[in-house]
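One structure is given below, encoded as structure tokens.
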Amino acid sequence: MYRPISESTEFRDVRLVATDMDGTLTKEGKFTSLLLQALENLATNGIQVLIVTGRSAGWVSGISSLMPVVGALAENGGIFYPSNNLAPISLTPIPDIAKHRQNLARTFEKLQSQFPQLRESSDNQFRLTDWTFDVAALTENELQSLNNICQQMGWGFTYSNVQCHIKPQQQDKAVGLLQVLRQYFPGYSPSQVVTVGDSPNDESLFNQNSFPLSVGVANVIKYAHQLQYQPVYVTTAAEGEGFCELSNWILQKKADSRGQD
């Protein structure tokens, strides 16, 4: 079903890696020295990295300026933080943030009334466009029920290996990333961008109509039956080690192409 990245020659033209963070760059919830070295190696070889995460605006503001990346999208495509500019760029138009947050809070209260075990995520206070609660031990059926309720109330819903998100319906990683690519990286063709992820909230990054070159780190396989769009390639290793595997392969293909010039 899945093709290992070692079967591909497509990576030689990659100029930008757009990657999820939790479960894709992290290992057991942490950045490792190997991951930081992989990011440095990509940057040194002229390959830019964009983080595309569901994490909050507050978290991503710091990550985008401290990590060796060209920027980061927060809240599943709601906000973009270029690494050279601390001012966030809104990708989802929200005229009144305070009212928007109140509406999100009421929606969460509705969900809690039917699922009393739900707990607001610790980083929810640092969010602007969405509302999150811990995915914890929610079953697949419960997640589907939560999705149905949100849809009925006019909201979108997604989840990762960490959190569930109540969000504007049109807001997702692919929509935000495509907007950023058009506005800030207009010279990059789709074949020069590889998207990377590990869970259902990365599914739009696996849509080959938008992103023909996509990779799932090995832990994505446990969600395979839940994904309409599947990654083209999957790494052998899981989590951050899988990203390092991909990084090494991209750099190897780039070196091979130089040797053929």
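Numbering starts fresh at 1 for the residues of each chain in the structure tokens, the chains themselves are lettered A, B, ... in the order given, and ligands are numbered from 1 as they appear.
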Would you give me, as a tab-separated table, each residue of segment 144-239 of chain A having an atom within 8 Å of an atom of segment 106-109 of chain A, along with its shortest atom pair and that distance in Å to one decimal, using only C-alpha atoms and sorting by chain and residue number?
```
residue	atom	partner	partner_atom	distance
A:Cys150	CA	A:Thr107	CA	7.5
A:Met153	CA	A:Thr107	CA	7.6
A:Ile166	CA	A:Phe108	CA	7.9
```
With N, CA and C atoms retained, export the selected residues as a PDB file, in the first residue's frame.
```
ATOM      1  N   CYS A 150     -19.971  19.403  15.883  1.00  0.00           N
ATOM      2  CA  CYS A 150     -19.330  20.638  15.421  1.00  0.00           C
ATOM      3  C   CYS A 150     -19.865  21.047  14.052  1.00  0.00           C
ATOM      4  N   MET A 153     -23.185  22.645  14.239  1.00  0.00           N
ATOM      5  CA  MET A 153     -23.130  23.984  14.815  1.00  0.00           C
ATOM      6  C   MET A 153     -22.362  24.969  13.939  1.00  0.00           C
ATOM      7  N   ILE A 166     -11.653  22.594  17.495  1.00  0.00           N
ATOM      8  CA  ILE A 166     -12.859  23.221  16.952  1.00  0.00           C
ATOM      9  C   ILE A 166     -12.369  24.436  16.173  1.00  0.00           C
TER      10      ILE A 166
END
```
At a cut-off of 8 Å, can you tabulate as a Markdown table every residue of segment 223-261 of chain A near segment 1-17 of chain A together with its closest atom pair and the distance in Å to one decimal, using only C-alpha atoms and ordering rows by chain then number?
```
| residue | atom | partner | partner_atom | distance |
| --- | --- | --- | --- | --- |
| A:Pro231 | CA | A:Tyr2 | CA | 7.8 |
| A:Val232 | CA | A:Arg3 | CA | 6.7 |
| A:Tyr233 | CA | A:Arg3 | CA | 4.8 |
| A:Val234 | CA | A:Pro4 | CA | 5.2 |
| A:Thr235 | CA | A:Pro4 | CA | 5.9 |
| A:Thr236 | CA | A:Pro4 | CA | 7.1 |
| A:Leu246 | CA | A:Ile5 | CA | 7.4 |
| A:Trp249 | CA | A:Ser6 | CA | 7.6 |
| A:Ile250 | CA | A:Phe11 | CA | 5.5 |
| A:Leu251 | CA | A:Arg12 | CA | 7.9 |
| A:Lys253 | CA | A:Arg12 | CA | 4.6 |
| A:Lys254 | CA | A:Arg12 | CA | 4.8 |
| A:Asp256 | CA | A:Arg12 | CA | 7.8 |
| A:Ser257 | CA | A:Arg12 | CA | 6.5 |
```
Considering only C-alpha atoms, can you say which of A:Ser65, A:Gln117, A:Thr92, A:Ser160 comes closest to Asp130 of chain A?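 Looking at the shortest contact to Asp130 of chain A, the residue is A:Thr92.
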Excluding same-chain residues fewer than 5 positions from Gln151 of chain A, what lies within 10 Å of it counting only C-alpha atoms, as an MDAnalysis selection string? chainID A and resid 145:146 156:157 166 169
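DSSP on the backbone gives strand (DSSP E) for these parts of segment 122-230 of chain A: Trp131, Thr132, Phe133, Asp134, Gly156, Phe157, Thr158, Tyr159, Gln163, Cys164, His165, Ile166, Lys167, Val193, Val194, Thr195, Val196, Gly197, Ser214, Val215 and Gly216 of chain A.
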Those residues you just picked out, can you put them in a file as a PDB file, in the first residue's frame with N, CA, C and O atoms?
```pdb
ATOM      1  N   TRP A 131     -10.166  26.355  19.003  1.00  0.00           N
ATOM      2  CA  TRP A 131     -10.305  25.971  20.411  1.00  0.00           C
ATOM      3  C   TRP A 131      -9.916  24.509  20.521  1.00  0.00           C
ATOM      4  O   TRP A 131     -10.367  23.692  19.722  1.00  0.00           O
ATOM      5  N   THR A 132      -9.069  24.182  21.490  1.00  0.00           N
ATOM      6  CA  THR A 132      -8.590  22.809  21.574  1.00  0.00           C
ATOM      7  C   THR A 132      -8.866  22.165  22.923  1.00  0.00           C
ATOM      8  O   THR A 132      -8.923  22.826  23.957  1.00  0.00           O
ATOM      9  N   PHE A 133      -9.026  20.853  22.853  1.00  0.00           N
ATOM     10  CA  PHE A 133      -9.130  20.048  24.072  1.00  0.00           C
ATOM     11  C   PHE A 133      -8.346  18.772  23.843  1.00  0.00           C
ATOM     12  O   PHE A 133      -8.074  18.370  22.711  1.00  0.00           O
ATOM     13  N   ASP A 134      -7.944  18.143  24.934  1.00  0.00           N
ATOM     14  CA  ASP A 134      -7.057  16.989  24.865  1.00  0.00           C
ATOM     15  C   ASP A 134      -7.761  15.794  24.216  1.00  0.00           C
ATOM     16  O   ASP A 134      -8.922  15.495  24.534  1.00  0.00           O
ATOM     17  N   GLY A 156     -15.810  23.509  11.894  1.00  0.00           N
ATOM     18  CA  GLY A 156     -15.005  22.383  11.468  1.00  0.00           C
ATOM     19  C   GLY A 156     -14.424  21.679  12.681  1.00  0.00           C
ATOM     20  O   GLY A 156     -14.429  22.223  13.797  1.00  0.00           O
ATOM     21  N   PHE A 157     -13.925  20.474  12.471  1.00  0.00           N
ATOM     22  CA  PHE A 157     -13.338  19.699  13.565  1.00  0.00           C
ATOM     23  C   PHE A 157     -12.233  18.824  12.991  1.00  0.00           C
ATOM     24  O   PHE A 157     -12.369  18.265  11.907  1.00  0.00           O
ATOM     25  N   THR A 158     -11.126  18.736  13.709  1.00  0.00           N
ATOM     26  CA  THR A 158     -10.071  17.806  13.353  1.00  0.00           C
ATOM     27  C   THR A 158      -9.334  17.397  14.615  1.00  0.00           C
ATOM     28  O   THR A 158      -9.555  17.973  15.691  1.00  0.00           O
ATOM     29  N   TYR A 159      -8.477  16.407  14.492  1.00  0.00           N
ATOM     30  CA  TYR A 159      -7.706  15.970  15.663  1.00  0.00           C
ATOM     31  C   TYR A 159      -6.366  15.418  15.221  1.00  0.00           C
ATOM     32  O   TYR A 159      -6.174  14.989  14.092  1.00  0.00           O
ATOM     33  N   GLN A 163      -4.253  16.703  20.246  1.00  0.00           N
ATOM     34  CA  GLN A 163      -5.398  17.551  20.561  1.00  0.00           C
ATOM     35  C   GLN A 163      -6.531  17.394  19.555  1.00  0.00           C
ATOM     36  O   GLN A 163      -6.325  16.981  18.414  1.00  0.00           O
ATOM     37  N   CYS A 164      -7.731  17.797  20.001  1.00  0.00           N
ATOM     38  CA  CYS A 164      -8.879  17.987  19.120  1.00  0.00           C
ATOM     39  C   CYS A 164      -9.072  19.485  18.914  1.00  0.00           C
ATOM     40  O   CYS A 164      -8.854  20.278  19.838  1.00  0.00           O
ATOM     41  N   HIS A 165      -9.492  19.857  17.713  1.00  0.00           N
ATOM     42  CA  HIS A 165      -9.620  21.263  17.350  1.00  0.00           C
ATOM     43  C   HIS A 165     -11.034  21.588  16.878  1.00  0.00           C
ATOM     44  O   HIS A 165     -11.544  20.947  15.958  1.00  0.00           O
ATOM     45  N   ILE A 166     -11.653  22.594  17.495  1.00  0.00           N
ATOM     46  CA  ILE A 166     -12.859  23.221  16.952  1.00  0.00           C
ATOM     47  C   ILE A 166     -12.369  24.436  16.173  1.00  0.00           C
ATOM     48  O   ILE A 166     -11.639  25.267  16.724  1.00  0.00           O
ATOM     49  N   LYS A 167     -12.761  24.559  14.912  1.00  0.00           N
ATOM     50  CA  LYS A 167     -12.143  25.576  14.074  1.00  0.00           C
ATOM     51  C   LYS A 167     -13.125  26.085  13.020  1.00  0.00           C
ATOM     52  O   LYS A 167     -14.145  25.445  12.761  1.00  0.00           O
ATOM     53  N   VAL A 193       8.024  21.009  -3.654  1.00  0.00           N
ATOM     54  CA  VAL A 193       7.550  21.069  -2.268  1.00  0.00           C
ATOM     55  C   VAL A 193       7.160  19.673  -1.811  1.00  0.00           C
ATOM     56  O   VAL A 193       6.413  18.968  -2.500  1.00  0.00           O
ATOM     57  N   VAL A 194       7.690  19.246  -0.666  1.00  0.00           N
ATOM     58  CA  VAL A 194       7.269  17.980  -0.076  1.00  0.00           C
ATOM     59  C   VAL A 194       6.548  18.275   1.231  1.00  0.00           C
ATOM     60  O   VAL A 194       6.996  19.094   2.029  1.00  0.00           O
ATOM     61  N   THR A 195       5.387  17.659   1.416  1.00  0.00           N
ATOM     62  CA  THR A 195       4.613  17.828   2.638  1.00  0.00           C
ATOM     63  C   THR A 195       4.768  16.582   3.505  1.00  0.00           C
ATOM     64  O   THR A 195       4.841  15.457   2.986  1.00  0.00           O
ATOM     65  N   VAL A 196       4.799  16.773   4.828  1.00  0.00           N
ATOM     66  CA  VAL A 196       5.107  15.676   5.757  1.00  0.00           C
ATOM     67  C   VAL A 196       4.153  15.721   6.942  1.00  0.00           C
ATOM     68  O   VAL A 196       3.881  16.800   7.494  1.00  0.00           O
ATOM     69  N   GLY A 197       3.654  14.563   7.349  1.00  0.00           N
ATOM     70  CA  GLY A 197       2.761  14.528   8.502  1.00  0.00           C
ATOM     71  C   GLY A 197       2.628  13.145   9.089  1.00  0.00           C
ATOM     72  O   GLY A 197       3.284  12.187   8.646  1.00  0.00           O
ATOM     73  N   SER A 214       4.233  13.822  -1.143  1.00  0.00           N
ATOM     74  CA  SER A 214       3.934  13.841   0.300  1.00  0.00           C
ATOM     75  C   SER A 214       4.530  12.611   0.972  1.00  0.00           C
ATOM     76  O   SER A 214       4.681  11.556   0.357  1.00  0.00           O
ATOM     77  N   VAL A 215       4.839  12.776   2.253  1.00  0.00           N
ATOM     78  CA  VAL A 215       5.472  11.709   3.038  1.00  0.00           C
ATOM     79  C   VAL A 215       4.802  11.620   4.402  1.00  0.00           C
ATOM     80  O   VAL A 215       4.558  12.647   5.051  1.00  0.00           O
ATOM     81  N   GLY A 216       4.533  10.413   4.830  1.00  0.00           N
ATOM     82  CA  GLY A 216       4.100  10.184   6.201  1.00  0.00           C
ATOM     83  C   GLY A 216       5.228   9.521   6.964  1.00  0.00           C
ATOM     84  O   GLY A 216       5.867   8.600   6.445  1.00  0.00           O
TER      85      GLY A 216
END
```
Neighbouring residues of Leu35 of chain A were defined as those with any atom within 8 Å, considering only C-alpha atoms; residues of the same chain fewer than 6 positions away were excluded. Please report them as an MDAnalysis selection string. chainID A and resid 25:26 240:241 243:244
Keeping only C-alpha atoms, take the residues you just selected and write them out as a PDB file, in the first residue's frame.
```
ATOM      1  CA  LEU A  25       9.395  16.396  14.178  1.00  0.00           C
ATOM      2  CA  THR A  26       9.190  15.338  17.820  1.00  0.00           C
ATOM      3  CA  GLY A 240      11.260  12.662  14.451  1.00  0.00           C
ATOM      4  CA  GLU A 241      13.544   9.816  13.405  1.00  0.00           C
ATOM      5  CA  PHE A 243      11.771  13.060   9.492  1.00  0.00           C
ATOM      6  CA  CYS A 244      15.549  12.690   9.842  1.00  0.00           C
TER       7      CYS A 244
END
```
Leu50 of chain A environment, 7 Å, only C-alpha atoms, sequence neighbours closer than 4 positions dropped, as a list of chain:residue names: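 So, after excluding close chain neighbours, the residues are A:Val17, A:Ala18, A:Thr19, A:Val69, A:Val70, A:Gly71, A:Ala72.
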Let me make sure I understand: among A:Val52, A:Ser113, A:Asn161, A:Leu91, which one has the smallest atom-to-atom distance to Ala136 of chain A if we use only C-alpha atoms?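 Answer, going by the shortest atom-to-atom distance: A:Asn161.
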How far is it from atom CA of Glu120 of chain A to atom CA of Met67 of chain A, in Å with one decimal?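 Spanning atom CA of Glu120 of chain A to atom CA of Met67 of chain A is a straight-line distance of 27.2 Å.
With only C-alpha atoms as the basis for measurement, A:Pro68 is the residue among A:Pro68, A:Gly23, A:Pro95, A:Asp123 that approaches Gln37 of chain A most closely.
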To one decimal in Å, tell me the separation between atom CA of Gln226 of chain A and atom CA of Pro212 of chain A.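 Separating atom CA of Gln226 of chain A from atom CA of Pro212 of chain A is a distance of 20.1 Å.
Going from atom CA of Arg258 of chain A to atom CA of Gly46 of chain A covers 13.2 Å.
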Counting only C-alpha atoms, what is within 7 Å of Gly58 of chain A, bar same-chain residues fewer than 3 positions away, as a PyMOL selection string? chain A and resi 61+126-127
Just-selected residues, all heavy atoms written as an mmCIF file, in the first residue's frame:
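So the final result, stored in again-v5.cif, reads:
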```cif
data_model
loop_
_atom_site.group_PDB
_atom_site.id
_atom_site.type_symbol
_atom_site.label_atom_id
_atom_site.label_comp_id
_atom_site.auth_asym_id
_atom_site.auth_seq_id
_atom_site.Cartn_x
_atom_site.Cartn_y
_atom_site.Cartn_z
ATOM 1 N N SER A 61 4.702 31.396 17.712
ATOM 2 C CA SER A 61 5.433 32.662 17.645
ATOM 3 C C SER A 61 6.877 32.461 18.071
ATOM 4 O O SER A 61 7.810 32.951 17.418
ATOM 5 C CB SER A 61 4.759 33.704 18.545
ATOM 6 O OG SER A 61 5.524 34.888 18.605
ATOM 7 N N PHE A 126 -3.578 30.503 24.629
ATOM 8 C CA PHE A 126 -2.680 31.201 23.717
ATOM 9 C C PHE A 126 -3.175 31.155 22.274
ATOM 10 O O PHE A 126 -2.427 31.470 21.354
ATOM 11 C CB PHE A 126 -1.275 30.583 23.793
ATOM 12 C CG PHE A 126 -0.736 30.484 25.193
ATOM 13 C CD1 PHE A 126 -0.380 29.260 25.729
ATOM 14 C CD2 PHE A 126 -0.603 31.622 25.981
ATOM 15 C CE1 PHE A 126 0.118 29.166 27.028
ATOM 16 C CE2 PHE A 126 -0.112 31.535 27.278
ATOM 17 C CZ PHE A 126 0.238 30.304 27.804
ATOM 18 N N ARG A 127 -4.428 30.770 22.084
ATOM 19 C CA ARG A 127 -4.979 30.597 20.737
ATOM 20 C C ARG A 127 -5.821 31.800 20.295
ATOM 21 O O ARG A 127 -6.351 32.540 21.117
ATOM 22 C CB ARG A 127 -5.828 29.325 20.665
ATOM 23 C CG ARG A 127 -4.982 28.085 20.785
ATOM 24 C CD ARG A 127 -5.788 26.793 20.675
ATOM 25 N NE ARG A 127 -4.841 25.680 20.691
ATOM 26 C CZ ARG A 127 -4.232 25.213 19.625
ATOM 27 N NH1 ARG A 127 -4.506 25.712 18.433
ATOM 28 N NH2 ARG A 127 -3.356 24.238 19.724
#
```
Residues of segment 164-201 of chain A that approach segment 219-223 of chain A to 9 Å or less, counting only C-alpha atoms: could you list each one with the shortest pair of atoms and its distance in Å to one decimal, rows by chain and increasing residue number, as JSON lines?
```
{"residue": "A:Gly197", "atom": "CA", "partner": "A:Val220", "partner_atom": "CA", "distance": 7.4}
{"residue": "A:Asp198", "atom": "CA", "partner": "A:Val220", "partner_atom": "CA", "distance": 4.3}
{"residue": "A:Ser199", "atom": "CA", "partner": "A:Val220", "partner_atom": "CA", "distance": 5.6}
{"residue": "A:Pro200", "atom": "CA", "partner": "A:Tyr223", "partner_atom": "CA", "distance": 7.0}
```
Put those residues in a file: N, CA, C and O atoms, as a short mmCIF file (atom, residue, chain, number, x, y, z; two decimals), in the first residue's frame.
```
data_model
loop_
_atom_site.label_atom_id
_atom_site.label_comp_id
_atom_site.auth_asym_id
_atom_site.auth_seq_id
_atom_site.Cartn_x
_atom_site.Cartn_y
_atom_site.Cartn_z
N GLY A 197 3.65 14.56 7.35
CA GLY A 197 2.76 14.53 8.50
C GLY A 197 2.63 13.14 9.09
O GLY A 197 3.28 12.19 8.65
N ASP A 198 1.72 13.04 10.09
CA ASP A 198 1.59 11.76 10.78
C ASP A 198 0.19 11.42 11.25
O ASP A 198 -0.02 10.32 11.78
N SER A 199 -0.80 12.31 11.09
CA SER A 199 -2.09 12.05 11.72
C SER A 199 -3.24 12.68 10.93
O SER A 199 -3.01 13.38 9.93
N PRO A 200 -4.49 12.46 11.36
CA PRO A 200 -5.64 12.95 10.59
C PRO A 200 -5.65 14.45 10.31
O PRO A 200 -6.17 14.87 9.27
#
```
So which residues touch Trp59 of chain A within 12 Å, counting only C-alpha atoms, skipping near sequence neighbours fewer than 2 positions away, as number ranges by chain? A: 21, 53-57, 61-66, 72-75, 79, 81, 122-128
Can you list, as a ChimeraX atom specification, all residues belonging to segment 9-234 of chain A that DSSP tags as helix (DSSP H, G or I)? /A:10-13,33-44,57-66,97-114,124-126,140-152,173-184,190-192,200-206,218-226
